[in-house]
Amino acid sequence: AATPLLESIRYIGILQIVVKDTFFIVWIGSLLSKFLTPLNPLFFSKYVVFCDGCFKFRYWIMLPAHNFLYDIHIRVFLSDGPLYNGGVNRLQADWELKDSNIQHIDLARGVHFVSLSKEDSYLLLSKINKIERKGGDARLIIMIHGHNQNGLMFRGQHSYSTEKHLKKGYRYVSIRQSECVDVVNSILCDNP
(Lines give C-alpha, C1' and ligand atoms only; values in the text may rest on other atoms or scores of the structure.)
Protein backbone atom coordinates (compact mmCIF):
# COMPACT_ATOMS: atom_id res chain seq x y z
CA ALA A 1 0.00 0.00 0.00
CA ALA A 2 1.24 3.45 -0.91
CA THR A 3 1.65 5.98 1.81
CA PRO A 4 -0.22 9.29 1.54
CA LEU A 5 3.08 11.13 1.04
CA LEU A 6 4.08 8.95 -1.93
CA GLU A 7 0.59 9.27 -3.42
CA SER A 8 0.67 13.10 -3.26
CA ILE A 9 4.20 13.18 -4.74
CA ARG A 10 2.97 11.03 -7.63
CA TYR A 11 0.03 13.43 -8.30
CA ILE A 12 2.34 16.45 -8.14
CA GLY A 13 4.72 14.77 -10.61
CA ILE A 14 1.88 14.03 -13.03
CA LEU A 15 0.60 17.61 -12.71
CA GLN A 16 4.08 19.00 -13.46
CA ILE A 17 4.34 16.86 -16.60
CA VAL A 18 0.91 18.00 -17.81
CA VAL A 19 1.72 21.70 -17.21
CA LYS A 20 5.15 21.37 -18.86
CA ASP A 21 3.71 19.58 -21.92
CA THR A 22 0.85 22.09 -22.22
CA PHE A 23 3.30 25.00 -22.08
CA PHE A 24 5.51 23.33 -24.70
CA ILE A 25 2.57 22.73 -27.08
CA VAL A 26 1.39 26.36 -26.76
CA TRP A 27 4.94 27.64 -27.34
CA ILE A 28 5.44 25.46 -30.45
CA GLY A 29 2.00 26.48 -31.77
CA SER A 30 2.73 30.18 -31.45
CA LEU A 31 6.15 29.72 -33.05
CA LEU A 32 4.67 27.85 -36.01
CA SER A 33 1.89 30.40 -36.43
CA LYS A 34 4.54 33.11 -36.97
CA PHE A 35 6.03 31.11 -39.82
CA LEU A 36 2.67 30.21 -41.33
CA THR A 37 1.19 33.72 -41.21
CA PRO A 38 1.74 35.33 -44.62
CA LEU A 39 3.21 38.80 -44.85
CA ASN A 40 1.21 41.37 -46.75
CA PRO A 41 3.15 41.81 -50.02
CA LEU A 42 1.81 45.33 -50.76
CA PHE A 43 4.13 48.28 -50.11
CA PHE A 44 3.69 51.88 -51.21
CA SER A 45 6.07 54.74 -51.93
CA LYS A 46 6.32 57.43 -49.30
CA TYR A 47 5.39 60.19 -51.76
CA VAL A 48 3.03 60.86 -54.66
CA VAL A 49 4.53 62.78 -57.58
CA PHE A 50 2.93 65.34 -59.86
CA CYS A 51 4.95 65.99 -63.02
CA ASP A 52 4.12 66.92 -66.60
CA GLY A 53 0.49 67.38 -65.59
CA CYS A 54 0.02 63.84 -64.21
CA PHE A 55 -0.18 62.26 -60.76
CA LYS A 56 1.75 59.03 -60.22
CA PHE A 57 1.48 56.56 -57.35
CA ARG A 58 4.12 53.80 -57.03
CA TYR A 59 3.52 50.50 -55.29
CA TRP A 60 5.34 47.20 -54.92
CA ILE A 61 3.77 43.75 -54.97
CA MET A 62 6.63 41.98 -53.23
CA LEU A 63 6.20 38.32 -54.19
CA PRO A 64 8.80 35.68 -55.11
CA ALA A 65 9.50 34.81 -58.74
CA HIS A 66 6.64 33.03 -60.51
CA ASN A 67 4.13 34.05 -57.80
CA PHE A 68 1.55 36.68 -58.67
CA LEU A 69 -1.30 38.64 -57.18
CA TYR A 70 -4.46 37.99 -59.22
CA ASP A 71 -7.63 39.98 -59.94
CA ILE A 72 -6.17 43.21 -58.59
CA HIS A 73 -8.49 46.13 -57.88
CA ILE A 74 -7.14 49.62 -57.27
CA ARG A 75 -9.06 52.52 -55.77
CA VAL A 76 -7.61 56.04 -55.73
CA PHE A 77 -9.56 58.89 -54.15
CA LEU A 78 -9.29 62.25 -52.41
CA SER A 79 -10.79 62.91 -48.99
CA ASP A 80 -10.89 66.04 -46.87
CA GLY A 81 -12.43 64.46 -43.79
CA PRO A 82 -12.01 61.42 -41.61
CA LEU A 83 -11.28 58.30 -43.61
CA TYR A 84 -14.13 56.42 -41.95
CA ASN A 85 -17.47 57.90 -41.06
CA GLY A 86 -19.82 56.15 -38.68
CA GLY A 87 -22.95 54.54 -40.02
CA VAL A 88 -22.00 54.91 -43.66
CA ASN A 89 -20.37 51.92 -45.31
CA ARG A 90 -18.34 53.91 -47.77
CA LEU A 91 -15.32 56.15 -47.48
CA GLN A 92 -16.14 59.75 -48.33
CA ALA A 93 -14.47 60.96 -51.50
CA ASP A 94 -14.31 64.47 -52.96
CA TRP A 95 -12.80 62.93 -56.07
CA GLU A 96 -12.38 59.30 -57.14
CA LEU A 97 -10.63 57.64 -60.07
CA LYS A 98 -13.07 56.03 -62.49
CA ASP A 99 -10.88 54.35 -65.12
CA SER A 100 -11.29 50.58 -65.39
CA ASN A 101 -8.16 50.29 -67.56
CA ILE A 102 -6.06 51.49 -64.62
CA GLN A 103 -8.10 50.08 -61.75
CA HIS A 104 -8.34 46.42 -62.76
CA ILE A 105 -5.29 44.22 -63.42
CA ASP A 106 -5.46 40.48 -64.09
CA LEU A 107 -2.13 39.59 -62.46
CA ALA A 108 1.04 41.37 -61.36
CA ARG A 109 4.13 41.28 -59.18
CA GLY A 110 7.02 43.71 -58.75
CA VAL A 111 7.05 47.51 -58.80
CA HIS A 112 4.21 49.27 -60.61
CA PHE A 113 2.67 52.70 -60.75
CA VAL A 114 -0.75 54.21 -61.23
CA SER A 115 -0.46 57.13 -63.63
CA LEU A 116 -3.55 59.31 -63.86
CA SER A 117 -4.53 60.91 -67.15
CA LYS A 118 -3.99 64.65 -67.60
CA GLU A 119 -7.75 65.23 -67.41
CA ASP A 120 -8.10 63.28 -64.15
CA SER A 121 -4.95 64.91 -62.77
CA TYR A 122 -6.19 68.41 -63.58
CA LEU A 123 -9.55 67.73 -61.90
CA LEU A 124 -7.82 66.17 -58.88
CA LEU A 125 -5.39 69.09 -58.55
CA SER A 126 -8.26 71.60 -58.64
CA LYS A 127 -10.07 69.66 -55.86
CA ILE A 128 -6.87 69.55 -53.77
CA ASN A 129 -6.36 73.30 -54.20
CA LYS A 130 -10.00 73.96 -53.22
CA ILE A 131 -9.66 71.90 -50.02
CA GLU A 132 -6.33 73.53 -49.10
CA ARG A 133 -7.74 77.05 -49.69
CA LYS A 134 -10.49 76.25 -47.16
CA GLY A 135 -7.79 75.15 -44.69
CA GLY A 136 -8.72 71.47 -44.90
CA ASP A 137 -6.39 68.49 -44.79
CA ALA A 138 -6.52 66.97 -48.29
CA ARG A 139 -5.56 63.31 -48.28
CA LEU A 140 -4.95 61.11 -51.29
CA ILE A 141 -5.72 57.47 -50.57
CA ILE A 142 -4.78 54.44 -52.63
CA MET A 143 -6.27 51.04 -51.83
CA ILE A 144 -5.25 47.80 -53.53
CA HIS A 145 -6.56 44.29 -53.07
CA GLY A 146 -6.08 40.99 -54.83
CA HIS A 147 -5.51 37.32 -54.11
CA ASN A 148 -2.72 34.80 -54.57
CA GLN A 149 -2.92 31.44 -56.37
CA ASN A 150 -4.32 29.81 -53.20
CA GLY A 151 -7.16 32.34 -52.96
CA LEU A 152 -5.70 34.16 -49.95
CA MET A 153 -6.77 37.84 -50.10
CA PHE A 154 -4.29 40.66 -49.56
CA ARG A 155 -5.23 44.30 -49.02
CA GLY A 156 -3.09 47.38 -48.80
CA GLN A 157 -3.93 51.01 -48.19
CA HIS A 158 -1.84 54.13 -47.97
CA SER A 159 -2.91 57.66 -47.16
CA TYR A 160 -0.89 60.64 -48.41
CA SER A 161 -1.21 64.11 -46.90
CA THR A 162 -1.05 66.47 -49.88
CA GLU A 163 0.80 69.01 -47.75
CA LYS A 164 3.58 66.60 -46.71
CA HIS A 165 3.64 63.79 -49.27
CA LEU A 166 2.78 65.37 -52.63
CA LYS A 167 5.94 66.20 -54.57
CA LYS A 168 5.35 68.53 -57.50
CA GLY A 169 7.92 68.51 -60.30
CA TYR A 170 9.42 65.14 -59.35
CA ARG A 171 9.40 62.32 -61.90
CA TYR A 172 10.35 59.45 -59.61
CA VAL A 173 10.01 58.34 -56.00
CA SER A 174 11.44 55.14 -54.65
CA ILE A 175 9.57 52.48 -52.78
CA ARG A 176 10.37 52.52 -49.08
CA GLN A 177 12.75 49.59 -49.33
CA SER A 178 14.27 50.19 -45.90
CA GLU A 179 10.85 49.88 -44.30
CA CYS A 180 10.19 46.66 -46.22
CA VAL A 181 13.46 45.24 -44.94
CA ASP A 182 12.57 46.34 -41.39
CA VAL A 183 9.23 44.50 -41.60
CA VAL A 184 10.85 41.29 -42.85
CA ASN A 185 13.67 41.49 -40.29
CA SER A 186 11.23 42.09 -37.43
CA ILE A 187 9.36 38.91 -38.36
CA LEU A 188 12.56 36.88 -38.68
CA CYS A 189 14.17 38.31 -35.53
CA ASP A 190 11.07 37.68 -33.40
CA ASN A 191 11.40 33.97 -34.11
CA PRO A 192 14.28 32.08 -32.42
# chains A, B, ... in the order shown; residues from 1 in each chain; ligands from 1
call {"tool": "residues_around", "arguments": {"residues": "range 112-129 of chain A", "least_positions_apart": "4", "cutoff": "7 Å", "atoms": "only C-alpha atoms", "output": "PyMOL selection string"}}
result
chain A and resi 53-60+95+102+133+138
call {"tool": "write_last_selection", "arguments": {"atoms": "N, CA and C atoms", "output": "tab-separated table (two decimals), in the first residue's frame"}}
result
chain	number	residue	atom	x	y	z
A	53	GLY	N	1.94	67.36	-65.63
A	53	GLY	CA	0.49	67.38	-65.59
A	53	GLY	C	-0.17	66.09	-65.16
A	54	CYS	N	0.60	65.14	-64.61
A	54	CYS	CA	0.02	63.84	-64.21
A	54	CYS	C	0.45	63.45	-62.80
A	55	PHE	N	-0.48	62.86	-62.06
A	55	PHE	CA	-0.18	62.26	-60.76
A	55	PHE	C	0.28	60.83	-60.97
A	56	LYS	N	1.28	60.41	-60.16
A	56	LYS	CA	1.75	59.03	-60.22
A	56	LYS	C	1.92	58.49	-58.80
A	57	PHE	N	1.36	57.29	-58.60
A	57	PHE	CA	1.48	56.56	-57.35
A	57	PHE	C	2.29	55.30	-57.64
A	58	ARG	N	3.33	55.03	-56.85
A	58	ARG	CA	4.12	53.80	-57.03
A	58	ARG	C	3.80	52.82	-55.91
A	59	TYR	N	3.74	51.55	-56.28
A	59	TYR	CA	3.52	50.50	-55.29
A	59	TYR	C	4.31	49.26	-55.70
A	60	TRP	N	4.53	48.39	-54.72
A	60	TRP	CA	5.34	47.20	-54.92
A	60	TRP	C	4.55	45.99	-54.44
A	95	TRP	N	-13.14	63.33	-54.70
A	95	TRP	CA	-12.80	62.93	-56.07
A	95	TRP	C	-12.41	61.46	-56.03
A	102	ILE	N	-7.09	51.32	-65.65
A	102	ILE	CA	-6.06	51.49	-64.62
A	102	ILE	C	-6.41	50.69	-63.36
A	133	ARG	N	-7.35	75.64	-49.86
A	133	ARG	CA	-7.74	77.05	-49.69
A	133	ARG	C	-8.72	77.21	-48.53
A	138	ALA	N	-6.26	67.83	-47.13
A	138	ALA	CA	-6.52	66.97	-48.29
A	138	ALA	C	-5.66	65.73	-48.19
call {"tool": "residues_around", "arguments": {"residues": "Leu78 in chain A", "least_positions_apart": "3", "cutoff": "7 Å", "atoms": "only C-alpha atoms", "output": "VMD selection string"}}
result
chain A and resid 93 to 96 138 to 141
call {"tool": "atom_distance", "arguments": {"atom1": "CA of Met143 in chain A", "atom2": "CA of Lys167 in chain A"}}
result
19.7 Å
call {"tool": "closest_residue", "arguments": {"among": "A:Phe43, A:Phe50, A:Phe23, A:Phe35", "to": "Arg155 in chain A", "atoms": "only C-alpha atoms"}}
result
A:Phe43
call {"tool": "select_by_dssp", "arguments": {"residues": "range 73-155 of chain A", "states": "helix (DSSP H, G or I)", "output": "tab-separated table (two decimals) with N, CA, C and O atoms, in the first residue's frame"}}
result
chain	number	residue	atom	x	y	z
A	100	SER	N	-11.44	52.03	-65.56
A	100	SER	CA	-11.29	50.58	-65.39
A	100	SER	C	-10.00	50.04	-66.00
A	100	SER	O	-9.50	49.00	-65.58
A	101	ASN	N	-9.43	50.73	-66.98
A	101	ASN	CA	-8.16	50.29	-67.56
A	101	ASN	C	-7.02	50.37	-66.55
A	101	ASN	O	-6.07	49.58	-66.61
A	102	ILE	N	-7.09	51.32	-65.65
A	102	ILE	CA	-6.06	51.49	-64.62
A	102	ILE	C	-6.41	50.69	-63.36
A	102	ILE	O	-5.53	50.15	-62.70
A	103	GLN	N	-7.67	50.60	-63.04
A	103	GLN	CA	-8.10	50.08	-61.75
A	103	GLN	C	-8.22	48.57	-61.67
A	103	GLN	O	-8.35	48.03	-60.58
A	118	LYS	N	-4.10	63.20	-67.82
A	118	LYS	CA	-3.99	64.65	-67.60
A	118	LYS	C	-5.33	65.23	-67.19
A	118	LYS	O	-5.38	66.13	-66.35
A	119	GLU	N	-6.42	64.73	-67.77
A	119	GLU	CA	-7.75	65.23	-67.41
A	119	GLU	C	-8.08	64.92	-65.95
A	119	GLU	O	-8.52	65.80	-65.20
A	120	ASP	N	-7.86	63.65	-65.55
A	120	ASP	CA	-8.10	63.28	-64.15
A	120	ASP	C	-7.18	64.04	-63.21
A	120	ASP	O	-7.60	64.48	-62.14
A	121	SER	N	-5.92	64.21	-63.61
A	121	SER	CA	-4.95	64.91	-62.77
A	121	SER	C	-5.33	66.38	-62.60
A	121	SER	O	-5.22	66.93	-61.51
A	122	TYR	N	-5.79	67.01	-63.66
A	122	TYR	CA	-6.19	68.41	-63.58
A	122	TYR	C	-7.39	68.57	-62.63
A	122	TYR	O	-7.40	69.46	-61.78
A	123	LEU	N	-8.38	67.68	-62.77
A	123	LEU	CA	-9.55	67.73	-61.90
A	123	LEU	C	-9.16	67.47	-60.45
A	123	LEU	O	-9.60	68.17	-59.53
A	124	LEU	N	-8.29	66.49	-60.23
A	124	LEU	CA	-7.82	66.17	-58.88
A	124	LEU	C	-7.06	67.34	-58.27
A	124	LEU	O	-7.27	67.71	-57.12
A	125	LEU	N	-6.18	67.96	-59.05
A	125	LEU	CA	-5.39	69.09	-58.55
A	125	LEU	C	-6.31	70.26	-58.18
A	125	LEU	O	-6.09	70.93	-57.15
A	126	SER	N	-7.34	70.51	-58.97
A	126	SER	CA	-8.26	71.60	-58.64
A	126	SER	C	-9.01	71.30	-57.34
A	126	SER	O	-9.24	72.20	-56.52
A	127	LYS	N	-9.39	70.03	-57.12
A	127	LYS	CA	-10.07	69.66	-55.86
A	127	LYS	C	-9.13	69.80	-54.66
A	127	LYS	O	-9.54	70.25	-53.60
A	128	ILE	N	-7.86	69.40	-54.85
A	128	ILE	CA	-6.87	69.55	-53.77
A	128	ILE	C	-6.70	71.02	-53.42
A	128	ILE	O	-6.71	71.40	-52.24
A	129	ASN	N	-6.54	71.86	-54.44
A	129	ASN	CA	-6.36	73.30	-54.20
A	129	ASN	C	-7.58	73.90	-53.49
A	129	ASN	O	-7.43	74.74	-52.60
A	130	LYS	N	-8.78	73.46	-53.86
A	130	LYS	CA	-10.00	73.96	-53.22
A	130	LYS	C	-10.03	73.60	-51.74
A	130	LYS	O	-10.36	74.42	-50.89
A	131	ILE	N	-9.68	72.35	-51.42
A	131	ILE	CA	-9.66	71.90	-50.02
A	131	ILE	C	-8.60	72.67	-49.23
A	131	ILE	O	-8.85	73.11	-48.11
A	132	GLU	N	-7.41	72.83	-49.81
A	132	GLU	CA	-6.33	73.53	-49.10
A	132	GLU	C	-6.64	75.01	-48.90
A	132	GLU	O	-6.25	75.60	-47.90
A	133	ARG	N	-7.35	75.64	-49.86
A	133	ARG	CA	-7.74	77.05	-49.69
A	133	ARG	C	-8.72	77.21	-48.53
A	133	ARG	O	-8.70	78.23	-47.84
call {"tool": "atom_distance", "arguments": {"atom1": "CA of Leu32 in chain A", "atom2": "CA of Leu63 in chain A"}}
result
21.0 Å
call {"tool": "residues_around", "arguments": {"residues": "Pro64 in chain A", "least_positions_apart": "5", "cutoff": "12 Å", "atoms": "only C-alpha atoms", "output": "list of chain:residue names"}}
result
A:Pro41, A:Leu69, A:Ala108, A:Arg109, A:Gly110, A:Asn148
call {"tool": "closest_residue", "arguments": {"among": "A:Ile9, A:Leu97, A:Leu107, A:Met153", "to": "Asp71 in chain A", "atoms": "only C-alpha atoms"}}
result
A:Leu107
call {"tool": "closest_residue", "arguments": {"among": "A:Lys168, A:Leu15, A:Gly151, A:Lys98", "to": "Val76 in chain A", "atoms": "only C-alpha atoms"}}
result
A:Lys98
call {"tool": "closest_residue", "arguments": {"among": "A:His165, A:Arg10, A:Lys34, A:Arg75", "to": "Ile144 in chain A", "atoms": "only C-alpha atoms"}}
result
A:Arg75
